[in-house]
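A.B. asks: Just so it is clear, I am handing over data27.tsv, which has TSV, C-alpha atoms.
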chain	number	residue	atom	x	y	z
F	233	MET	CA	113.45	124.67	120.52
F	234	ASN	CA	110.89	124.89	117.73
F	235	SER	CA	112.34	128.16	116.49
F	236	LEU	CA	115.80	126.59	116.50
F	237	ASN	CA	114.42	123.74	114.39
F	238	ASN	CA	113.14	126.28	111.93
F	239	LEU	CA	116.62	127.79	111.59
F	240	ILE	CA	118.18	124.36	111.09
F	241	THR	CA	115.71	123.21	108.44
F	242	LYS	CA	116.14	126.38	106.38
F	243	ARG	CA	119.90	125.95	106.29
F	244	LEU	CA	119.55	122.26	105.45
F	245	GLN	CA	117.12	123.00	102.62
F	246	LYS	CA	119.65	125.42	101.16
F	247	ILE	CA	122.44	122.84	101.29
F	248	ALA	CA	120.24	120.15	99.75
F	249	ASP	CA	118.79	122.35	96.99
F	250	ASP	CA	122.28	123.49	95.96
F	251	ALA	CA	123.48	119.89	95.70
F	252	PHE	CA	120.33	118.80	93.88
F	253	ILE	CA	120.52	121.44	91.16
F	254	ILE	CA	124.27	121.25	90.57
F	255	GLY	CA	123.93	117.46	90.47
F	256	HIS	CA	121.31	117.82	87.76
F	257	ARG	CA	123.41	120.32	85.81
F	258	ASN	CA	126.61	118.29	85.96
F	259	ALA	CA	124.72	115.17	84.92
F	260	GLU	CA	123.95	116.96	81.66
F	261	TRP	CA	127.56	116.18	80.68
F	262	THR	CA	126.84	112.46	80.63
F	263	GLY	CA	127.72	111.22	77.18
F	264	LEU	CA	129.22	114.58	76.17
F	265	ALA	CA	132.23	115.17	78.42
F	266	PRO	CA	135.55	115.70	76.60
F	267	THR	CA	136.81	112.14	77.05
F	268	LEU	CA	135.31	108.80	78.03
F	269	GLU	CA	137.28	108.69	81.28
F	270	GLU	CA	136.19	112.19	82.28
F	271	ASP	CA	132.62	111.40	81.31
F	272	ILE	CA	132.55	108.55	83.82
F	273	ALA	CA	134.20	110.60	86.55
F	274	PHE	CA	132.06	113.73	86.14
F	275	SER	CA	128.79	111.80	85.85
F	276	SER	CA	129.64	109.75	88.90
F	277	MET	CA	130.26	112.89	90.94
F	278	ALA	CA	126.98	114.35	89.70
F	279	GLN	CA	125.24	111.24	91.03
F	280	ASP	CA	127.05	111.73	94.36
F	281	LYS	CA	125.61	115.25	94.57
F	282	ILE	CA	122.07	114.04	94.03
F	283	GLY	CA	122.75	111.42	96.70
F	284	HIS	CA	123.81	114.15	99.14
F	285	ALA	CA	120.61	116.05	98.41
F	286	LEU	CA	118.54	112.90	98.90
F	287	ALA	CA	120.22	112.22	102.25
F	288	ILE	CA	119.22	115.67	103.52
F	289	TYR	CA	115.70	115.57	102.06
F	290	THR	CA	115.29	112.21	103.80
F	291	LEU	CA	116.53	113.73	107.05
F	292	LEU	CA	113.99	116.55	106.70
F	293	ASN	CA	111.27	113.95	106.20
F	294	GLU	CA	112.30	111.77	109.11
F	295	HIS	CA	113.08	114.45	111.70
F	296	PHE	CA	110.99	117.47	110.71
F	297	ASN	CA	107.85	116.04	109.16
F	298	TYR	CA	108.61	117.19	105.62
F	299	PRO	CA	106.93	115.22	102.80
F	300	LYS	CA	108.86	112.27	101.41
F	301	PRO	CA	111.85	113.38	99.27
F	302	ASP	CA	110.28	112.73	95.83
F	303	GLN	CA	107.01	114.30	96.84
F	304	TYR	CA	108.75	117.28	98.40
F	305	VAL	CA	111.23	118.06	95.67
F	306	PHE	CA	109.12	117.29	92.61
F	307	THR	CA	106.14	119.35	93.72
F	308	LYS	CA	107.63	122.48	95.23
F	309	GLN	CA	107.47	125.77	93.35
F	310	THR	CA	110.51	127.51	91.89
F	311	GLN	CA	110.31	130.24	94.54
F	312	GLN	CA	110.50	127.59	97.25
F	313	TYR	CA	113.98	126.59	96.15
F	314	TYR	CA	116.76	128.00	98.31
F	315	CYS	CA	119.57	127.23	95.86
F	316	CYS	CA	122.10	129.88	94.87
F	317	GLN	CA	122.19	131.17	91.31
F	318	LEU	CA	125.65	129.72	90.61
F	319	VAL	CA	124.26	126.17	90.47
F	320	GLN	CA	121.40	127.20	88.18
F	321	LEU	CA	123.52	128.45	85.28
F	322	PRO	CA	123.63	126.19	82.21
F	323	ILE	CA	126.68	123.97	81.86
F	324	GLN	CA	128.03	126.02	78.93
F	325	SER	CA	131.52	124.96	77.91
F	326	TYR	CA	133.61	122.49	79.87
F	327	ASP	CA	135.96	125.11	81.28
F	328	PHE	CA	132.99	126.79	82.97
F	329	SER	CA	131.53	123.55	84.34
F	330	LEU	CA	134.92	122.56	85.68
F	331	MET	CA	135.50	125.95	87.29
F	332	ARG	CA	132.04	125.95	88.87
F	333	HIS	CA	132.70	122.44	90.22
F	334	PHE	CA	136.02	123.68	91.67
F	335	LEU	CA	134.45	126.74	93.34
F	336	PHE	CA	131.38	124.86	94.58
F	337	ASP	CA	133.10	121.81	96.00
F	338	HIS	CA	135.72	123.81	97.86
F	339	ALA	CA	132.80	125.33	99.79
F	340	GLU	CA	131.08	121.96	100.24
F	341	ILE	CA	134.09	120.26	101.78
F	342	ILE	CA	134.56	123.01	104.38
F	343	ARG	CA	130.86	122.97	105.27
F	344	TYR	CA	130.63	119.20	105.63
F	345	ASN	CA	133.91	118.90	107.53
F	346	GLU	CA	132.41	121.27	110.11
F	347	LEU	CA	129.10	119.40	110.12
F	348	ILE	CA	130.88	116.18	111.15
F	349	ASN	CA	131.09	117.72	114.64
F	350	SER	CA	127.56	119.09	114.68
F	351	THR	CA	125.57	118.71	117.89
F	352	PHE	CA	122.63	117.82	115.62
F	353	THR	CA	123.60	114.15	115.27
F	354	PRO	CA	121.61	113.22	112.13
F	355	ILE	CA	123.48	115.77	109.98
F	356	ALA	CA	126.79	114.82	111.60
F	357	GLN	CA	126.20	111.22	110.51
F	358	ILE	CA	125.48	112.26	106.93
F	359	ALA	CA	128.60	114.45	106.88
F	360	GLN	CA	130.72	111.58	108.17
F	361	LYS	CA	129.36	109.29	105.48
F	362	ILE	CA	130.04	111.56	102.50
F	363	LYS	CA	133.38	113.07	103.50
F	364	GLY	CA	135.31	110.57	101.36
F	365	GLU	CA	133.25	111.44	98.30
F	366	LEU	CA	133.89	115.14	98.75
F	367	LYS	CA	137.59	114.47	99.18
F	368	TYR	CA	137.57	112.84	95.76
F	369	HIS	CA	135.55	115.71	94.24
F	370	ILE	CA	138.21	118.14	95.46
F	371	PHE	CA	141.03	115.91	94.25
F	372	HIS	CA	139.36	115.78	90.83
F	373	ALA	CA	138.77	119.55	90.67
F	374	ASN	CA	142.24	120.54	91.90
F	375	THR	CA	144.05	118.12	89.60
F	376	TRP	CA	142.14	119.29	86.52
F	377	ILE	CA	142.57	123.00	87.27
F	378	GLN	CA	146.30	122.53	87.90
F	379	GLN	CA	146.69	120.46	84.75
F	380	LEU	CA	144.84	122.84	82.44
F	381	ALA	CA	145.98	126.16	83.91
F	382	ASN	CA	149.59	125.07	83.54
F	383	SER	CA	149.20	123.70	80.00
F	384	SER	CA	148.52	125.87	76.93
F	385	PRO	CA	147.84	129.64	76.81
F	386	GLU	CA	144.45	128.84	75.28
F	387	ALA	CA	143.46	126.61	78.21
F	388	LEU	CA	144.63	129.24	80.69
F	389	GLN	CA	142.69	131.97	78.93
F	390	LYS	CA	139.49	129.93	78.91
F	391	LEU	CA	139.81	129.07	82.59
F	392	GLN	CA	140.51	132.68	83.52
F	393	GLN	CA	137.40	133.82	81.62
F	394	SER	CA	135.31	131.21	83.38
F	395	LEU	CA	136.74	132.17	86.74
F	396	ASN	CA	135.96	135.85	86.10
F	397	TYR	CA	132.43	134.95	85.08
F	398	ALA	CA	131.69	132.43	87.84
F	399	PHE	CA	133.40	134.16	90.75
F	400	PRO	CA	130.75	136.84	91.51
F	401	TYR	CA	128.10	134.10	91.49
F	402	ALA	CA	130.29	131.94	93.72
F	403	LEU	CA	130.58	134.72	96.32
F	404	ASN	CA	126.80	134.46	96.71
F	405	MET	CA	126.88	130.73	97.49
F	406	PHE	CA	127.27	131.82	101.09
F	407	GLU	CA	123.98	133.65	101.41
F	408	SER	CA	121.93	132.33	104.30
F	409	PRO	CA	118.15	132.07	104.69
F	410	ASN	CA	118.58	133.18	108.31
F	411	THR	CA	119.63	136.51	109.81
F	412	PRO	CA	123.26	136.85	111.00
F	413	GLU	CA	122.02	136.72	114.62
F	414	GLN	CA	120.11	133.50	113.98
F	415	ASP	CA	123.12	131.89	112.33
F	416	GLN	CA	125.28	133.04	115.21
F	417	LEU	CA	122.88	131.20	117.51
F	418	LEU	CA	123.25	128.00	115.47
F	419	GLN	CA	127.01	128.37	115.70
F	420	THR	CA	126.96	128.95	119.46
F	421	GLN	CA	124.78	125.87	119.88
F	422	GLY	CA	127.36	123.86	117.91
F	423	VAL	CA	124.87	123.00	115.16
F	424	MET	CA	126.68	124.50	112.19
F	425	PRO	CA	129.16	127.30	111.45
F	426	THR	CA	128.00	130.59	109.93
F	427	GLU	CA	128.26	130.88	106.15
F	428	THR	CA	130.41	133.99	106.65
F	429	GLU	CA	132.98	131.83	108.39
F	430	ILE	CA	132.84	129.18	105.65
F	431	LYS	CA	133.28	131.88	103.01
F	432	GLN	CA	136.44	133.19	104.68
F	433	GLN	CA	137.99	129.73	104.82
F	434	TRP	CA	136.90	129.07	101.24
F	435	LEU	CA	138.65	132.22	100.01
F	436	ASN	CA	141.85	131.11	101.78
F	437	ASN	CA	141.66	127.59	100.34
F	438	ILE	CA	140.99	128.52	96.72
F	439	THR	CA	143.66	131.22	96.90
F	440	THR	CA	146.21	128.64	98.05
F	441	GLN	CA	145.16	126.27	95.27
F	442	LEU	CA	145.23	128.87	92.51
F	443	ASN	CA	148.55	130.30	93.69
F	444	ASP	CA	150.16	127.27	92.03
F	445	THR	CA	148.71	128.38	88.70
F	446	PRO	CA	148.84	131.62	86.69
F	447	LEU	CA	145.09	132.11	87.34
F	448	VAL	CA	144.12	135.35	89.06
F	449	ILE	CA	141.17	135.57	91.45
F	450	PRO	CA	139.08	138.72	90.80
F	451	CYS	CA	139.67	141.36	93.50
F	452	ILE	CA	136.16	141.40	94.94
F	453	THR	CA	134.68	139.83	98.06
F	454	GLN	CA	131.05	140.81	97.43
F	455	SER	CA	128.88	141.13	94.37
F	456	ASN	CA	125.34	141.86	93.29
F	457	THR	CA	125.65	139.40	90.42
F	458	GLY	CA	124.00	136.13	91.30
F	459	LYS	CA	122.49	137.42	94.52
F	460	GLY	CA	119.21	136.37	96.12
F	461	GLY	CA	118.86	132.68	95.28
F	462	VAL	CA	118.34	131.86	98.93
F	463	ASN	CA	115.40	134.30	99.03
F	464	GLY	CA	113.76	132.87	95.95
F	465	VAL	CA	115.29	135.30	93.45
F	466	HIS	CA	116.20	132.92	90.65
F	467	THR	CA	117.48	132.90	87.09
F	468	PRO	CA	115.11	131.72	84.31
F	469	TYR	CA	117.45	128.72	84.03
F	470	LEU	CA	116.11	127.27	87.27
F	471	THR	CA	112.57	127.07	85.90
F	472	GLN	CA	113.92	125.30	82.83
F	473	ALA	CA	115.85	122.84	85.01
F	474	ILE	CA	112.86	122.12	87.25
F	475	ASN	CA	110.59	121.58	84.24
F	476	GLU	CA	113.04	119.02	82.97
F	477	ILE	CA	113.53	117.38	86.38
F	478	THR	CA	109.78	117.02	86.97
F	479	GLN	CA	108.89	115.99	83.42
F	480	VAL	CA	108.44	112.30	84.21
F	481	PHE	CA	106.90	112.90	87.62
F	482	ASN	CA	104.27	115.14	86.08
F	483	THR	CA	103.25	112.67	83.39
F	484	GLU	CA	102.24	110.08	85.97
F	485	SER	CA	100.10	110.40	89.04
F	486	THR	CA	102.02	111.99	91.90
F	487	SER	CA	102.54	108.57	93.39
F	488	ALA	CA	105.03	107.65	90.67
F	489	GLU	CA	107.80	105.44	91.98
F	490	TRP	CA	111.03	104.20	90.46
S	221	MET	CA	125.09	130.03	73.48
S	222	ASN	CA	122.71	129.53	70.63
S	223	THR	CA	120.12	132.25	71.09
S	224	GLU	CA	117.63	130.98	68.50
S	225	ASN	CA	117.25	127.64	70.20
S	226	ASN	CA	115.70	128.00	73.66
S	227	ASN	CA	116.27	124.42	74.58
S	228	LEU	CA	119.09	124.17	77.10
S	229	ASP	CA	119.61	120.46	76.57
S	230	PRO	CA	123.21	120.29	75.36
S	231	ARG	CA	122.41	117.34	73.13
S	232	ILE	CA	120.13	119.59	71.11
S	233	GLN	CA	121.99	122.82	71.52
S	234	ARG	CA	125.31	121.51	70.29
S	235	LEU	CA	124.05	120.06	67.04
S	236	ASP	CA	125.58	122.91	65.04
S	237	LEU	CA	128.87	122.58	66.83
S	238	GLN	CA	130.77	121.61	63.75
S	239	GLN	CA	129.83	124.64	61.67
S	240	ASN	CA	130.77	126.99	64.48
S	241	SER	CA	133.97	125.39	65.63
S	242	GLN	CA	137.12	127.24	64.74
S	243	ASN	CA	139.83	125.57	66.72
S	244	PRO	CA	142.88	127.84	66.33
S	245	ASN	CA	145.32	125.20	67.59
S	246	PRO	CA	144.18	121.80	66.39
S	247	ASN	CA	146.11	118.90	67.85
S	248	PRO	CA	148.58	117.36	65.44
S	249	GLU	CA	147.11	114.23	63.93
S	250	HIS	CA	147.55	111.02	65.93
S	251	SER	CA	148.50	112.85	69.10
S	252	HIS	CA	146.80	111.17	72.02
S	253	TRP	CA	146.99	111.04	75.75
S	254	GLU	CA	149.17	108.29	77.10
S	255	THR	CA	147.60	105.04	78.20
S	256	TYR	CA	147.98	103.86	81.79
S	257	GLU	CA	147.44	100.40	83.23
S	258	VAL	CA	145.38	100.26	86.41
S	259	MET	CA	146.08	97.83	89.26
S	260	VAL	CA	143.47	97.49	91.99
S	261	GLN	CA	144.07	96.43	95.60
S	262	PRO	CA	140.75	95.29	97.09
S	263	LYS	CA	141.91	95.45	100.70
S	264	ARG	CA	144.98	96.35	102.70
S	265	GLY	CA	147.75	93.78	102.25
S	266	ASP	CA	146.17	92.20	99.16
S	267	ALA	CA	148.12	91.96	95.94
S	268	HIS	CA	147.32	94.55	93.28
S	269	THR	CA	145.51	92.98	90.35
S	270	HIS	CA	145.39	94.33	86.83
S	271	ALA	CA	141.93	95.79	86.16
S	272	GLY	CA	142.29	97.48	82.78
S	273	SER	CA	143.68	100.58	81.13
S	274	LEU	CA	142.70	104.20	80.47
S	275	HIS	CA	143.86	107.40	78.77
S	276	ALA	CA	145.20	110.31	80.82
S	277	PRO	CA	147.44	113.35	80.33
S	278	SER	CA	149.32	112.89	83.63
S	279	PRO	CA	149.79	110.28	86.39
S	280	GLU	CA	147.63	112.37	88.76
S	281	LEU	CA	144.73	112.50	86.32
S	282	ALA	CA	145.22	108.80	85.65
S	283	LEU	CA	144.52	108.26	89.37
S	284	VAL	CA	141.50	110.58	89.18
S	285	PHE	CA	140.07	108.56	86.30
S	286	ALA	CA	141.07	105.16	87.68
S	287	LYS	CA	139.11	105.76	90.87
S	288	GLU	CA	135.82	106.14	89.02
S	289	GLN	CA	136.51	103.74	86.20
S	290	TYR	CA	137.78	100.78	88.18
S	291	GLY	CA	137.05	101.58	91.82
S	292	ARG	CA	133.48	102.80	91.99
S	293	ARG	CA	131.67	99.46	92.17
S	294	ASP	CA	133.75	96.79	93.89
S	295	LYS	CA	135.65	96.97	97.14
S	296	CYS	CA	138.84	98.98	96.79
S	297	PHE	CA	141.56	99.99	99.22
S	298	ASN	CA	144.20	101.40	96.91
S	299	MET	CA	145.25	101.62	93.27
S	300	TRP	CA	148.37	101.81	91.17
S	301	VAL	CA	148.57	103.44	87.76
S	302	ILE	CA	151.51	102.68	85.48
S	303	PRO	CA	152.26	104.20	82.08
S	304	THR	CA	151.74	101.37	79.62
S	305	ALA	CA	155.02	102.32	77.95
S	306	GLN	CA	156.84	101.40	81.17
S	307	ILE	CA	155.69	97.80	81.06
S	308	PHE	CA	157.97	95.29	79.39
S	309	ALA	CA	156.67	92.00	78.11
S	310	PHE	CA	157.66	88.93	76.14
S	311	ASN	CA	156.86	88.67	72.51
S	312	PRO	CA	153.81	86.39	72.19
S	313	SER	CA	155.73	84.35	69.61
S	314	ASP	CA	158.15	83.39	72.39
S	315	SER	CA	155.47	81.67	74.45
S	316	ASP	CA	157.09	78.32	73.59
S	317	MET	CA	159.73	79.22	76.18
S	318	PHE	CA	157.11	78.47	78.84
S	319	ALA	CA	155.72	75.39	77.11
S	320	ASN	CA	157.32	72.57	79.17
S	321	ASN	CA	156.84	74.09	82.61
S	322	ILE	CA	153.95	71.87	83.65
S	323	ASP	CA	155.91	68.69	82.82
S	324	LYS	CA	158.73	69.52	85.20
S	325	THR	CA	157.03	68.24	88.33
S	326	TYR	CA	160.37	67.90	90.08
S	327	ARG	CA	160.28	71.71	90.32
S	328	ASN	CA	157.14	71.60	92.44
S	329	ALA	CA	157.38	71.43	96.19
S	330	GLY	CA	155.00	68.48	95.94
S	331	GLY	CA	157.87	66.46	94.48
S	332	PHE	CA	159.55	66.35	97.84
S	333	LYS	CA	158.21	63.51	100.01
S	334	VAL	CA	158.43	65.35	103.32
S	335	GLY	CA	154.87	64.73	104.51
S	336	GLU	CA	155.65	61.29	105.90
S	337	LYS	CA	158.80	62.50	107.59
S	338	ILE	CA	156.91	65.31	109.29
S	339	SER	CA	154.18	63.03	110.63
S	340	GLU	CA	156.81	60.58	111.86
S	341	TYR	CA	158.59	63.43	113.64
S	342	LYS	CA	155.33	64.56	115.21
S	343	LYS	CA	154.64	61.03	116.42
S	344	GLN	CA	158.04	60.95	118.05
S	345	LEU	CA	157.36	64.27	119.79
S	346	ASN	CA	154.01	63.02	121.09
S	347	SER	CA	155.37	59.77	122.38
S	348	LYS	CA	158.03	61.60	124.41
Take the structure in the file and give it back as structure tokens.

C.D. replies:
Amino acid sequence: MNSLNNLITKRLQKIADDAFIIGHRNAEWTGLAPTLEEDIAFSSMAQDKIGHALAIYTLLNEHFNYPKPDQYVFTKQTQQYYCCQLVQLPIQSYDFSLMRHFLFDHAEIIRYNELINSTFTPIAQIAQKIKGELKYHIFHANTWIQQLANSSPEALQKLQQSLNYAFPYALNMFESPNTPEQDQLLQTQGVMPTETEIKQQWLNNITTQLNDTPLVIPCITQSNTGKGGVNGVHTPYLTQAINEITQVFNTESTSAEW
Amino acid sequence: MNTENNNLDPRIQRLDLQQNSQNPNPNPEHSHWETYEVMVQPKRGDAHTHAGSLHAPSPELALVFAKEQYGRRDKCFNMWVIPTAQIFAFNPSDSDMFANNIDKTYRNAGGFKVGEKISEYKKQLNSK
């Protein structure tokens, strides 16, 4: 049972770290998004993401003896992050941030919809609680991509460039900290599906969505670009993000509370 | 990205945005997204109440924006968005048309003295 716990916690850390870093990145648009309305929507979703991360960090604390969320996340080293490289990249221009949000959240909604039925009840409860939020995130992403990809040639060109750039990174969102056999075990036990399975469903879903637009998905299913985040191979951007995230925490004693 | 400036904070990085921007297709002057009016329904069966307005390029995106702008804090079951241009109103200078309404008490249900009749009828029923 203890070894099974170890497999679960690694996967949960990965899910939480991804949400935490993309939440931080997307929050960088606060005050800068293209319009006031979009600013509110995008910032609110970024907050949701950090909330999802907090829920899982709290679970890890309550069920697996991890340090309290603030303590855990503000003191761990860059190499101890399991997040994929896609979420680490700077926000760049809005077309990229929007495309990353589209690619990322289509994976999130599949993962959490499966977790609702997990035999590990605490994660099933979290998944049940946030499914409405993710539904909105997908509604937001799909509507924007449809709107822009079917508007001007300039918008389409920018989105296509962002898709080409982000897609190889996105393929590596599905890296797992466990071996395929270990993940198979988690699946057999009804804890969570394998990332390989989520990836297949994700490809189907984004293909269906983008079929209603002139956007073309690059013809690859694997890539070395953006690989290794789950094993601690990170971009320099992650260090920059963590420095910024921990700035306040590090100025006070480690017992800082807010 | 600006290579000379290592800071990734967009607020710092984008300071030279204006010098570098070469928008090939600037929007014609005064072209804006349409405004939409947002009506919020707090719970199933409630009436929708006007909450405010917003800018959006399509009805779908108006719903996307309305959810966060007017539905993220209070209780909400559903929402309507309506293009402002589709709403027809009186001219404010015509408000005198409504001026005498409160004097016409005979238009209120309260003007009908049915209360006594009802209690009399009830009494009759009880005594039977």

A.B. asks: From the options S:Ile322, S:Asp266, S:Glu288, S:Gln306, which residue's atoms come nearest to Asp280 in chain F, counting all atoms listed in the file?

C.D. replies: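 Distance minimum relative to Asp280 in chain F lands on S:Glu288.
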
A.B. asks: So how many Å separate CA of Ala267 in chain S and CA of Asn321 in chain S, to one decimal?

C.D. replies: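 Computing the Euclidean distance for CA of Ala267 in chain S and CA of Asn321 in chain S yields 23.9 Å.
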
A.B. asks: For range 401-406 of chain F, list every protein, DNA or RNA residue within 10 Å, evaluated using only C-alpha atoms, and leave out those in the same chain fewer than 6 positions away; present the list as a VMD selection string.

C.D. replies: chain F and resid 246 to 247 250 315 to 319 321 332 335 to 336 339 395 426 to 432 434 to 435 452 to 462

A.B. asks: Can you list every residue of chain F that has an atom at most 6 Å from chain S, with its nearest atom pair and the distance in Å to one decimal, using all atoms listed in the file, ordered by chain then number, as a tab-separated table?

C.D. replies:
residue	atom	partner	partner_atom	distance
F:Glu269	CA	S:Phe285	CA	5.7
F:Ala273	CA	S:Glu288	CA	5.3
F:His372	CA	S:Val284	CA	5.9

A.B. asks: Can you pull out every residue within 12 Å of Trp261 in chain F, counting all atoms listed in the file, but drop anything in the same chain fewer than 2 positions away, and send it as a VMD selection string?

C.D. replies: (chain F and resid 254 to 259 263 to 268 270 to 279 322 to 326 329 to 330) or (chain S and resid 229 to 231 234)

A.B. asks: Residues of the last selection are to be written out with C-alpha atoms, as a PDB file, in the frame of the given file.

C.D. replies:
ATOM      1  CA  ILE F 254     124.270 121.250  90.570  1.00  0.00           C
ATOM      2  CA  GLY F 255     123.930 117.460  90.470  1.00  0.00           C
ATOM      3  CA  HIS F 256     121.310 117.820  87.760  1.00  0.00           C
ATOM      4  CA  ARG F 257     123.410 120.320  85.810  1.00  0.00           C
ATOM      5  CA  ASN F 258     126.610 118.290  85.960  1.00  0.00           C
ATOM      6  CA  ALA F 259     124.720 115.170  84.920  1.00  0.00           C
ATOM      7  CA  GLY F 263     127.720 111.220  77.180  1.00  0.00           C
ATOM      8  CA  LEU F 264     129.220 114.580  76.170  1.00  0.00           C
ATOM      9  CA  ALA F 265     132.230 115.170  78.420  1.00  0.00           C
ATOM     10  CA  PRO F 266     135.550 115.700  76.600  1.00  0.00           C
ATOM     11  CA  THR F 267     136.810 112.140  77.050  1.00  0.00           C
ATOM     12  CA  LEU F 268     135.310 108.800  78.030  1.00  0.00           C
ATOM     13  CA  GLU F 270     136.190 112.190  82.280  1.00  0.00           C
ATOM     14  CA  ASP F 271     132.620 111.400  81.310  1.00  0.00           C
ATOM     15  CA  ILE F 272     132.550 108.550  83.820  1.00  0.00           C
ATOM     16  CA  ALA F 273     134.200 110.600  86.550  1.00  0.00           C
ATOM     17  CA  PHE F 274     132.060 113.730  86.140  1.00  0.00           C
ATOM     18  CA  SER F 275     128.790 111.800  85.850  1.00  0.00           C
ATOM     19  CA  SER F 276     129.640 109.750  88.900  1.00  0.00           C
ATOM     20  CA  MET F 277     130.260 112.890  90.940  1.00  0.00           C
ATOM     21  CA  ALA F 278     126.980 114.350  89.700  1.00  0.00           C
ATOM     22  CA  GLN F 279     125.240 111.240  91.030  1.00  0.00           C
ATOM     23  CA  PRO F 322     123.630 126.190  82.210  1.00  0.00           C
ATOM     24  CA  ILE F 323     126.680 123.970  81.860  1.00  0.00           C
ATOM     25  CA  GLN F 324     128.030 126.020  78.930  1.00  0.00           C
ATOM     26  CA  SER F 325     131.520 124.960  77.910  1.00  0.00           C
ATOM     27  CA  TYR F 326     133.610 122.490  79.870  1.00  0.00           C
ATOM     28  CA  SER F 329     131.530 123.550  84.340  1.00  0.00           C
ATOM     29  CA  LEU F 330     134.920 122.560  85.680  1.00  0.00           C
TER      30      LEU F 330
ATOM     31  CA  ASP S 229     119.610 120.460  76.570  1.00  0.00           C
ATOM     32  CA  PRO S 230     123.210 120.290  75.360  1.00  0.00           C
ATOM     33  CA  ARG S 231     122.410 117.340  73.130  1.00  0.00           C
ATOM     34  CA  ARG S 234     125.310 121.510  70.290  1.00  0.00           C
TER      35      ARG S 234
END

A.B. asks: Could you pull the residues within 8 Å of Asp415 in chain F, counting all atoms listed in the file, minus those fewer than 4 positions along the same chain, as number ranges by chain?

C.D. replies: F: 239, 410-411, 419, 425-426

A.B. asks: Could you pull range 315-326 of chain F out of the structure I just pasted and write it to a file containing N, CA, C and O atoms, as an mmCIF file, in the first residue's frame?

C.D. replies:
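Result saved to selection_4.cif:
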data_model
loop_
_atom_site.group_PDB
_atom_site.id
_atom_site.type_symbol
_atom_site.label_atom_id
_atom_site.label_comp_id
_atom_site.auth_asym_id
_atom_site.auth_seq_id
_atom_site.Cartn_x
_atom_site.Cartn_y
_atom_site.Cartn_z
ATOM 1 N N CYS F 315 6.423 20.059 -12.832
ATOM 2 C CA CYS F 315 5.613 20.671 -13.895
ATOM 3 C C CYS F 315 6.252 20.522 -15.269
ATOM 4 O O CYS F 315 7.473 20.509 -15.411
ATOM 5 N N CYS F 316 5.412 20.430 -16.287
ATOM 6 C CA CYS F 316 5.889 20.319 -17.661
ATOM 7 C C CYS F 316 6.431 21.672 -18.123
ATOM 8 O O CYS F 316 6.133 22.708 -17.525
ATOM 9 N N GLN F 317 7.205 21.647 -19.187
ATOM 10 C CA GLN F 317 7.835 22.884 -19.661
ATOM 11 C C GLN F 317 6.839 23.839 -20.308
ATOM 12 O O GLN F 317 7.054 25.043 -20.323
ATOM 13 N N LEU F 318 5.739 23.302 -20.836
ATOM 14 C CA LEU F 318 4.745 24.167 -21.489
ATOM 15 C C LEU F 318 4.289 25.288 -20.562
ATOM 16 O O LEU F 318 4.181 26.443 -20.967
ATOM 17 N N VAL F 319 4.033 24.939 -19.289
ATOM 18 C CA VAL F 319 3.480 25.935 -18.365
ATOM 19 C C VAL F 319 4.534 26.943 -17.914
ATOM 20 O O VAL F 319 4.201 27.997 -17.373
ATOM 21 N N GLN F 320 5.812 26.614 -18.135
ATOM 22 C CA GLN F 320 6.879 27.500 -17.656
ATOM 23 C C GLN F 320 7.130 28.667 -18.589
ATOM 24 O O GLN F 320 7.618 29.720 -18.175
ATOM 25 N N LEU F 321 6.843 28.469 -19.878
ATOM 26 C CA LEU F 321 7.175 29.483 -20.884
ATOM 27 C C LEU F 321 6.532 30.824 -20.532
ATOM 28 O O LEU F 321 5.431 30.867 -20.005
ATOM 29 N N PRO F 322 7.241 31.922 -20.832
ATOM 30 C CA PRO F 322 6.671 33.251 -20.569
ATOM 31 C C PRO F 322 5.373 33.457 -21.338
ATOM 32 O O PRO F 322 5.112 32.752 -22.326
ATOM 33 N N ILE F 323 4.577 34.412 -20.922
ATOM 34 C CA ILE F 323 3.253 34.583 -21.520
ATOM 35 C C ILE F 323 3.310 35.079 -22.964
ATOM 36 O O ILE F 323 2.390 34.876 -23.731
ATOM 37 N N GLN F 324 4.406 35.755 -23.317
ATOM 38 C CA GLN F 324 4.610 36.227 -24.688
ATOM 39 C C GLN F 324 3.428 37.053 -25.179
ATOM 40 O O GLN F 324 2.918 37.883 -24.467
ATOM 41 N N SER F 325 2.983 36.814 -26.417
ATOM 42 C CA SER F 325 1.858 37.619 -26.894
ATOM 43 C C SER F 325 0.550 36.889 -26.590
ATOM 44 O O SER F 325 0.566 35.704 -26.277
ATOM 45 N N TYR F 326 -0.568 37.603 -26.718
ATOM 46 C CA TYR F 326 -1.823 37.016 -26.252
ATOM 47 C C TYR F 326 -2.219 35.768 -27.020
ATOM 48 O O TYR F 326 -2.807 34.849 -26.461
#
